[in-house]
>>> print(open('entry.cif').read())   # mmCIF, C-alpha atoms
data_structure
#
loop_
_atom_site.group_PDB
_atom_site.id
_atom_site.type_symbol
_atom_site.label_atom_id
_atom_site.label_comp_id
_atom_site.auth_asym_id
_atom_site.auth_seq_id
_atom_site.Cartn_x
_atom_site.Cartn_y
_atom_site.Cartn_z
ATOM 1 C CA MET W 1 86.933 104.859 88.402
ATOM 2 C CA ASN W 2 86.590 107.072 85.341
ATOM 3 C CA THR W 3 88.883 106.969 82.343
ATOM 4 C CA LEU W 4 90.785 110.137 83.225
ATOM 5 C CA ARG W 5 91.643 108.951 86.726
ATOM 6 C CA ARG W 6 92.575 105.492 85.495
ATOM 7 C CA ALA W 7 94.888 107.085 82.964
ATOM 8 C CA LEU W 8 96.367 109.353 85.618
ATOM 9 C CA LEU W 9 97.261 106.400 87.792
ATOM 10 C CA ALA W 10 98.911 104.914 84.762
ATOM 11 C CA LEU W 11 100.550 108.228 83.989
ATOM 12 C CA GLY W 12 102.256 108.235 87.335
ATOM 13 C CA LEU W 13 103.558 104.715 87.080
ATOM 14 C CA LEU W 14 104.451 104.716 83.411
ATOM 15 C CA ALA W 15 106.302 107.997 83.456
ATOM 16 C CA ALA W 16 109.537 106.542 82.174
ATOM 17 C CA ALA W 17 109.381 106.975 78.433
ATOM 18 C CA ALA W 18 111.694 106.934 75.448
ATOM 19 C CA THR W 19 113.571 109.988 76.674
ATOM 20 C CA ALA W 20 114.370 108.152 79.902
ATOM 21 C CA ALA W 21 116.056 105.221 78.193
ATOM 22 C CA LEU W 22 119.451 106.326 79.459
ATOM 23 C CA PRO W 23 119.328 107.034 83.234
ATOM 24 C CA VAL W 24 120.456 110.473 84.342
ATOM 25 C CA SER W 25 122.396 110.557 87.591
ATOM 26 C CA ALA W 26 121.329 112.627 90.574
ATOM 27 C CA GLN W 27 124.288 114.928 90.062
ATOM 28 C CA GLN W 28 122.744 116.011 86.754
ATOM 29 C CA GLU W 29 119.115 116.601 87.696
ATOM 30 C CA SER W 30 116.712 117.044 90.581
ATOM 31 C CA ALA W 31 113.765 114.772 91.365
ATOM 32 C CA GLU W 32 111.437 117.441 89.931
ATOM 33 C CA ALA W 33 113.424 117.595 86.703
ATOM 34 C CA ALA W 34 113.444 113.797 86.455
ATOM 35 C CA VAL W 35 109.656 113.544 86.843
ATOM 36 C CA GLU W 36 109.071 116.337 84.331
ATOM 37 C CA ARG W 37 111.387 114.616 81.855
ATOM 38 C CA TYR W 38 109.681 111.271 82.343
ATOM 39 C CA ILE W 39 106.187 112.682 81.888
ATOM 40 C CA GLY W 40 107.105 114.688 78.802
ATOM 41 C CA GLY W 41 108.638 111.598 77.271
ATOM 42 C CA LEU W 42 105.625 109.499 78.162
ATOM 43 C CA MET W 43 103.265 111.798 76.306
ATOM 44 C CA GLN W 44 105.321 111.407 73.174
ATOM 45 C CA ARG W 45 105.676 107.647 73.561
ATOM 46 C CA MET W 46 101.971 107.004 74.130
ATOM 47 C CA THR W 47 101.076 108.940 70.991
ATOM 48 C CA GLU W 48 103.460 106.714 69.058
ATOM 49 C CA ILE W 49 102.346 103.334 70.388
ATOM 50 C CA GLN W 50 98.572 103.726 70.860
ATOM 51 C CA PRO W 51 97.782 102.223 67.415
ATOM 52 C CA LEU W 52 99.582 99.046 68.520
ATOM 53 C CA TYR W 53 96.884 98.392 71.124
ATOM 54 C CA GLN W 54 94.589 97.328 68.283
ATOM 55 C CA SER W 55 97.106 95.987 65.765
ATOM 56 C CA ASP W 56 99.812 94.345 67.905
ATOM 57 C CA ARG W 57 98.959 94.093 71.598
ATOM 58 C CA GLU W 58 102.046 92.063 72.426
ATOM 59 C CA ALA W 59 104.294 94.837 71.134
ATOM 60 C CA TYR W 60 102.137 97.426 72.886
ATOM 61 C CA PHE W 61 102.361 95.775 76.299
ATOM 62 C CA ASP W 62 106.071 95.037 75.830
ATOM 63 C CA THR W 63 106.616 98.781 75.398
ATOM 64 C CA VAL W 64 104.490 99.544 78.456
ATOM 65 C CA GLU W 65 106.454 97.010 80.523
ATOM 66 C CA ASN W 66 109.770 98.512 79.439
ATOM 67 C CA ALA W 67 108.501 101.943 80.445
ATOM 68 C CA LEU W 68 107.356 100.711 83.838
ATOM 69 C CA SER W 69 110.625 98.925 84.531
ATOM 70 C CA GLU W 70 112.576 102.062 83.652
ATOM 71 C CA PHE W 71 110.838 104.211 86.243
ATOM 72 C CA VAL W 72 109.573 101.972 89.045
ATOM 73 C CA ASP W 73 111.620 99.968 91.536
ATOM 74 C CA PHE W 74 109.232 97.035 91.689
ATOM 75 C CA ARG W 75 111.059 95.222 94.483
ATOM 76 C CA GLU W 76 110.850 98.335 96.652
ATOM 77 C CA VAL W 77 107.174 98.821 95.826
ATOM 78 C CA ALA W 78 106.444 95.121 96.461
ATOM 79 C CA ARG W 79 108.117 95.358 99.848
ATOM 80 C CA GLY W 80 105.904 98.338 100.714
ATOM 81 C CA VAL W 81 102.746 96.578 99.523
ATOM 82 C CA MET W 82 103.575 93.511 101.621
ATOM 83 C CA ALA W 83 104.389 95.785 104.572
ATOM 84 C CA LYS W 84 104.360 93.698 107.770
ATOM 85 C CA TYR W 85 104.132 90.475 105.742
ATOM 86 C CA GLY W 86 107.470 91.208 104.116
ATOM 87 C CA GLN W 87 109.386 91.600 107.370
ATOM 88 C CA GLY W 88 110.525 89.553 110.341
ATOM 89 C CA PRO W 89 111.193 85.817 110.765
ATOM 90 C CA ASN W 90 107.702 84.866 109.586
ATOM 91 C CA GLY W 91 107.650 87.331 106.717
ATOM 92 C CA ALA W 92 108.295 86.775 103.035
ATOM 93 C CA THR W 93 111.573 85.230 101.960
ATOM 94 C CA ALA W 94 113.792 86.983 99.427
ATOM 95 C CA GLY W 95 112.489 84.584 96.794
ATOM 96 C CA GLN W 96 108.861 85.320 97.642
ATOM 97 C CA LEU W 97 109.531 89.042 97.535
ATOM 98 C CA ASP W 98 111.119 88.708 94.095
ATOM 99 C CA ARG W 99 108.210 86.573 92.870
ATOM 100 C CA PHE W 100 105.627 89.041 94.137
ATOM 101 C CA ALA W 101 107.534 91.909 92.514
ATOM 102 C CA GLY W 102 107.269 90.070 89.195
ATOM 103 C CA VAL W 103 103.564 89.306 89.608
ATOM 104 C CA PHE W 104 102.872 92.878 90.703
ATOM 105 C CA ARG W 105 104.726 94.231 87.675
ATOM 106 C CA ALA W 106 102.742 91.994 85.301
ATOM 107 C CA SER W 107 99.431 93.091 86.825
ATOM 108 C CA LEU W 108 100.377 96.756 86.537
ATOM 109 C CA VAL W 109 101.377 96.341 82.903
ATOM 110 C CA GLU W 110 98.011 94.764 82.078
ATOM 111 C CA PHE W 111 95.819 97.141 84.076
ATOM 112 C CA TYR W 112 97.553 100.444 83.461
ATOM 113 C CA GLY W 113 98.496 99.582 79.906
ATOM 114 C CA SER W 114 94.813 99.082 79.131
ATOM 115 C CA ALA W 115 93.983 102.392 80.847
ATOM 116 C CA LEU W 116 96.591 104.248 78.833
ATOM 117 C CA ALA W 117 95.185 102.856 75.603
ATOM 118 C CA GLU W 118 92.419 105.437 76.150
ATOM 119 C CA TYR W 119 94.881 108.213 76.969
ATOM 120 C CA GLY W 120 93.888 111.431 75.212
ATOM 121 C CA GLY W 121 96.559 113.840 76.417
ATOM 122 C CA VAL W 122 96.788 116.127 79.430
ATOM 123 C CA GLU W 123 98.517 119.325 80.468
ATOM 124 C CA PHE W 124 100.637 119.286 83.595
ATOM 125 C CA GLU W 125 102.818 121.506 85.731
ATOM 126 C CA ILE W 126 105.202 120.837 88.607
ATOM 127 C CA LEU W 127 104.018 122.487 91.842
ATOM 128 C CA GLU W 128 106.064 123.954 94.663
ATOM 129 C CA ASN W 129 106.931 121.302 97.225
ATOM 130 C CA ARG W 130 105.342 122.159 100.568
ATOM 131 C CA GLN W 131 107.198 119.432 102.469
ATOM 132 C CA GLN W 132 110.947 119.185 102.710
ATOM 133 C CA SER W 133 112.494 115.729 102.860
ATOM 134 C CA ASN W 134 114.771 114.772 105.737
ATOM 135 C CA SER W 135 117.123 113.113 103.266
ATOM 136 C CA ASP W 136 118.844 114.258 100.100
ATOM 137 C CA ARG W 137 118.164 110.798 98.665
ATOM 138 C CA ALA W 138 114.374 111.081 98.820
ATOM 139 C CA ALA W 139 111.913 113.668 97.543
ATOM 140 C CA ASN W 140 108.208 114.285 97.007
ATOM 141 C CA VAL W 141 107.273 115.833 93.677
ATOM 142 C CA ARG W 142 103.837 117.449 93.320
ATOM 143 C CA MET W 143 102.154 117.861 89.966
ATOM 144 C CA SER W 144 98.887 119.438 88.859
ATOM 145 C CA VAL W 145 97.285 117.715 85.885
ATOM 146 C CA LEU W 146 94.581 119.302 83.732
ATOM 147 C CA GLY W 147 92.469 116.770 81.889
ATOM 148 C CA ASP W 148 90.458 117.271 78.753
ATOM 149 C CA ASP W 149 87.315 117.487 80.916
ATOM 150 C CA GLY W 150 88.651 120.685 82.507
ATOM 151 C CA ASN W 151 89.243 119.164 85.952
ATOM 152 C CA ARG W 152 92.551 119.470 87.782
ATOM 153 C CA ILE W 153 93.960 116.525 89.689
ATOM 154 C CA GLU W 154 96.974 116.640 91.983
ATOM 155 C CA VAL W 155 99.476 113.808 91.746
ATOM 156 C CA GLN W 156 102.374 113.373 94.167
ATOM 157 C CA TYR W 157 105.349 111.184 93.368
ATOM 158 C CA THR W 158 107.429 109.691 96.185
ATOM 159 C CA MET W 159 110.892 109.402 94.687
ATOM 160 C CA PHE W 160 114.167 107.964 95.948
ATOM 161 C CA LEU W 161 117.701 107.562 94.680
ATOM 162 C CA ASN W 162 118.730 103.968 94.057
ATOM 163 C CA ASP W 163 122.260 102.602 94.418
ATOM 164 C CA GLU W 164 123.117 103.922 90.948
ATOM 165 C CA ASP W 165 121.973 107.436 91.951
ATOM 166 C CA VAL W 166 119.012 107.309 89.598
ATOM 167 C CA TRP W 167 115.624 108.662 90.688
ATOM 168 C CA LYS W 168 113.024 105.903 90.986
ATOM 169 C CA LEU W 169 109.358 105.885 91.975
ATOM 170 C CA ARG W 170 108.547 104.304 95.344
ATOM 171 C CA ASN W 171 104.928 105.392 95.780
ATOM 172 C CA LEU W 172 102.227 107.552 94.246
ATOM 173 C CA TYR W 173 99.381 109.665 95.617
ATOM 174 C CA VAL W 174 96.452 110.689 93.420
ATOM 175 C CA GLU W 175 94.205 113.339 94.996
ATOM 176 C CA GLY W 176 95.606 112.350 98.379
ATOM 177 C CA VAL W 177 94.985 108.615 97.929
ATOM 178 C CA ASN W 178 98.037 106.537 98.826
ATOM 179 C CA LEU W 179 98.182 103.870 96.129
ATOM 180 C CA ARG W 180 100.662 101.636 97.926
ATOM 181 C CA ARG W 181 98.387 101.616 100.962
ATOM 182 C CA GLN W 182 95.450 100.695 98.726
ATOM 183 C CA TYR W 183 97.407 97.744 97.378
ATOM 184 C CA TYR W 184 98.456 96.750 100.900
ATOM 185 C CA SER W 185 94.794 96.601 101.937
ATOM 186 C CA ARG W 186 94.199 94.218 99.046
ATOM 187 C CA PHE W 187 97.210 92.084 100.043
ATOM 188 C CA ASP W 188 96.164 92.043 103.711
ATOM 189 C CA ASN W 189 92.632 90.985 102.766
ATOM 190 C CA LEU W 190 93.940 88.126 100.638
ATOM 191 C CA MET W 191 96.253 87.017 103.448
ATOM 192 C CA THR W 192 93.368 86.928 105.941
ATOM 193 C CA ARG W 193 91.143 84.954 103.550
ATOM 194 C CA ASN W 194 93.881 82.450 102.652
ATOM 195 C CA ASP W 195 95.292 81.400 106.030
ATOM 196 C CA PHE W 196 98.235 83.809 105.728
ATOM 197 C CA ASP W 197 99.779 81.687 102.984
ATOM 198 C CA ILE W 198 102.085 84.126 101.166
ATOM 199 C CA ASP W 199 102.652 81.840 98.181
ATOM 200 C CA LYS W 200 98.909 81.392 97.663
ATOM 201 C CA VAL W 201 98.315 85.138 97.889
ATOM 202 C CA ILE W 202 101.007 85.770 95.285
ATOM 203 C CA ASP W 203 99.303 83.257 93.007
ATOM 204 C CA LEU W 204 95.931 84.972 93.495
ATOM 205 C CA TRP W 205 97.146 88.544 93.206
ATOM 206 C CA GLN W 206 95.428 90.894 90.837
ATOM 207 C CA ILE W 207 94.737 94.613 90.835
ATOM 208 C CA GLU W 208 91.072 95.443 90.938
ATOM 209 C CA GLU W 209 89.624 98.292 88.929
#
>>> encode(input="entry.cif", output="structure tokens")
Amino acid sequence: MNTLRRALLALGLLAAAATAALPVSAQQESAEAAVERYIGGLMQRMTEIQPLYQSDREAYFDTVENALSEFVDFREVARGVMAKYGQGPNGATAGQLDRFAGVFRASLVEFYGSALAEYGGVEFEILENRQQSNSDRAANVRMSVLGDDGNRIEVQYTMFLNDEDVWKLRNLYVEGVNLRRQYYSRFDNLMTRNDFDIDKVIDLWQIEE
């Protein structure tokens, strides 16, 4: 995966930046406005912290983790990645789901934080939504991103309102690729190779480049 696409995956998941430090309720902004605000803030934040990647990596990754936690509902994403393994009487317990959410968050911070260390800046615009949601608590936000190589990439954010009426990211599509489904395939493969031992799979989890 080339640097631009790696950074774009990171861009989608790290979109909560300094300007998103105080959540804005749904009554004050739309999902589109929230995503645009997050991305604009991210661009500013990454410019500020990039030097830390070389001089103070702990501080750098702490900032990346804070940004991720601001925007992404990791428990909701973890549930989606586990899919059938997170449901039913033989599925993950609440404790296992929480543990996987923590492991998943740590792996994203490491992988996408490293990708964003190479971030060179992009132009973006929100696109008209071609699909209407059946709920006023969920929305898909489409974005066209122009990289410094002149190529355009479409990113789609699957957003939902949490219990505090704050827009959060549930899933992400990059050029039509469903990232949560990609991670589920990885989880399913690990389950098959490890006798369907959820705890062992959580211990082994990592996101491949």
>>> resolve_selection(input="entry.cif", expression="the PyMOL selection byres ((chain W and resi 52) around 12)", output="MDAnalysis selection string")
chainID W and resid 45:51 53:64 113:114 116:117
>>> resolve_selection(input="entry.cif", expression="the PyMOL selection byres ((chain W and resi 125) around 10)", output="ChimeraX atom specification")
/W:36,123-124,126-128,142-146,154
>>> resolve_selection(input="entry.cif", expression="the PyMOL selection byres ((chain W and resi 76) around 10)", output="ChimeraX atom specification")
/W:72-75,77-81,97-98,101,168-171
>>> atom_distance(input="entry.cif", atom1="CA of Leu161 (chain W)", atom2="CA of Ala31 (chain W)")
8.9 Å
>>> closest_atom_pairs(input="entry.cif", of="region 54-99 of chain W", to="region 192-202 of chain W", cutoff="8 Å", atoms="all atoms listed in the file", output="JSON lines")
{"residue": "W:Ala92", "atom": "CA", "partner": "W:Ile198", "partner_atom": "CA", "distance": 7.0}
{"residue": "W:Gln96", "atom": "CA", "partner": "W:Asp199", "partner_atom": "CA", "distance": 7.1}
{"residue": "W:Arg99", "atom": "CA", "partner": "W:Ile202", "partner_atom": "CA", "distance": 7.6}
>>> axis_aligned_box(input="entry.cif", around="region 141-159 of chain W", padding_each_side="4 Å", output="AutoDock Vina command-line options")
--center_x 99.1 --center_y 115.0 --center_z 87.5 --size_x 31.6 --size_y 19.3 --size_z 25.4
>>> atom_distance(input="entry.cif", atom1="CA of Thr93 (chain W)", atom2="CA of Arg105 (chain W)")
18.2 Å
>>> closest_residue(input="entry.cif", among="W:Phe111, W:Tyr173, W:Tyr157, W:Phe100", to="Phe187 (chain W)", atoms="only C-alpha atoms")
W:Phe100
>>> atom_distance(input="entry.cif", atom1="CA of Gly86 (chain W)", atom2="CA of Gly176 (chain W)")
24.9 Å
>>> closest_residue(input="entry.cif", among="W:Arg181, W:Met82, W:Ala138, W:Met159", to="Trp205 (chain W)", atoms="all atoms listed in the file")
W:Met82
>>> closest_residue(input="entry.cif", among="W:Leu172, W:Leu108, W:Leu179, W:Ala139", to="Phe160 (chain W)", atoms="only C-alpha atoms")
W:Ala139
>>> closest_residue(input="entry.cif", among="W:Ser107, W:Ser135, W:Gly95, W:Trp167", to="Tyr38 (chain W)", atoms="only C-alpha atoms")
W:Trp167
>>> closest_residue(input="entry.cif", among="W:Val109, W:Arg137, W:Tyr85, W:Asn178", to="Glu164 (chain W)", atoms="all atoms listed in the file")
W:Arg137
>>> build_atoms(input="entry.cif", residues="region 79-103 of chain W", atoms="N, CA and C atoms", output="short mmCIF file (atom, residue, chain, number, x, y, z; two decimals), in the coordinates of the input")
data_model
loop_
_atom_site.label_atom_id
_atom_site.label_comp_id
_atom_site.auth_asym_id
_atom_site.auth_seq_id
_atom_site.Cartn_x
_atom_site.Cartn_y
_atom_site.Cartn_z
N ARG W 79 107.84 95.40 98.42
CA ARG W 79 108.12 95.36 99.85
C ARG W 79 107.14 96.25 100.61
N GLY W 80 106.85 97.43 100.07
CA GLY W 80 105.90 98.34 100.71
C GLY W 80 104.49 97.81 100.70
N VAL W 81 104.08 97.15 99.62
CA VAL W 81 102.75 96.58 99.52
C VAL W 81 102.59 95.43 100.51
N MET W 82 103.62 94.60 100.64
CA MET W 82 103.58 93.51 101.62
C MET W 82 103.60 94.03 103.05
N ALA W 83 104.30 95.15 103.25
CA ALA W 83 104.39 95.78 104.57
C ALA W 83 104.81 94.76 105.63
N LYS W 84 103.98 94.58 106.66
CA LYS W 84 104.36 93.70 107.77
C LYS W 84 104.57 92.25 107.33
N TYR W 85 103.97 91.85 106.21
CA TYR W 85 104.13 90.48 105.74
C TYR W 85 105.47 90.26 105.03
N GLY W 86 106.18 91.33 104.77
CA GLY W 86 107.47 91.21 104.12
C GLY W 86 108.63 91.34 105.08
N GLN W 87 108.35 91.36 106.37
CA GLN W 87 109.39 91.60 107.37
C GLN W 87 109.37 90.51 108.43
N GLY W 88 110.47 90.43 109.18
CA GLY W 88 110.52 89.55 110.34
C GLY W 88 110.74 88.09 109.98
N PRO W 89 110.91 87.24 111.00
CA PRO W 89 111.19 85.82 110.76
C PRO W 89 110.07 85.07 110.08
N ASN W 90 108.84 85.53 110.22
CA ASN W 90 107.70 84.87 109.59
C ASN W 90 107.25 85.58 108.31
N GLY W 91 108.01 86.58 107.90
CA GLY W 91 107.65 87.33 106.72
C GLY W 91 108.13 86.65 105.44
N ALA W 92 107.93 87.33 104.33
CA ALA W 92 108.30 86.78 103.04
C ALA W 92 109.80 86.54 102.94
N THR W 93 110.17 85.48 102.25
CA THR W 93 111.57 85.23 101.96
C THR W 93 112.00 86.13 100.80
N ALA W 94 113.30 86.18 100.56
CA ALA W 94 113.79 86.98 99.43
C ALA W 94 113.20 86.47 98.12
N GLY W 95 113.07 85.15 98.01
CA GLY W 95 112.49 84.58 96.79
C GLY W 95 111.04 84.95 96.62
N GLN W 96 110.27 84.94 97.71
CA GLN W 96 108.86 85.32 97.64
C GLN W 96 108.71 86.79 97.29
N LEU W 97 109.59 87.62 97.85
CA LEU W 97 109.53 89.04 97.54
C LEU W 97 109.81 89.27 96.06
N ASP W 98 110.81 88.58 95.52
CA ASP W 98 111.12 88.71 94.10
C ASP W 98 109.96 88.22 93.24
N ARG W 99 109.32 87.12 93.65
CA ARG W 99 108.21 86.57 92.87
C ARG W 99 107.02 87.52 92.89
N PHE W 100 106.74 88.10 94.06
CA PHE W 100 105.63 89.04 94.14
C PHE W 100 105.92 90.29 93.31
N ALA W 101 107.17 90.74 93.33
CA ALA W 101 107.53 91.91 92.51
C ALA W 101 107.25 91.65 91.04
N GLY W 102 107.53 90.41 90.59
CA GLY W 102 107.27 90.07 89.20
C GLY W 102 105.79 90.00 88.89
N VAL W 103 105.01 89.40 89.79
CA VAL W 103 103.56 89.31 89.61
C VAL W 103 102.94 90.69 89.65
#
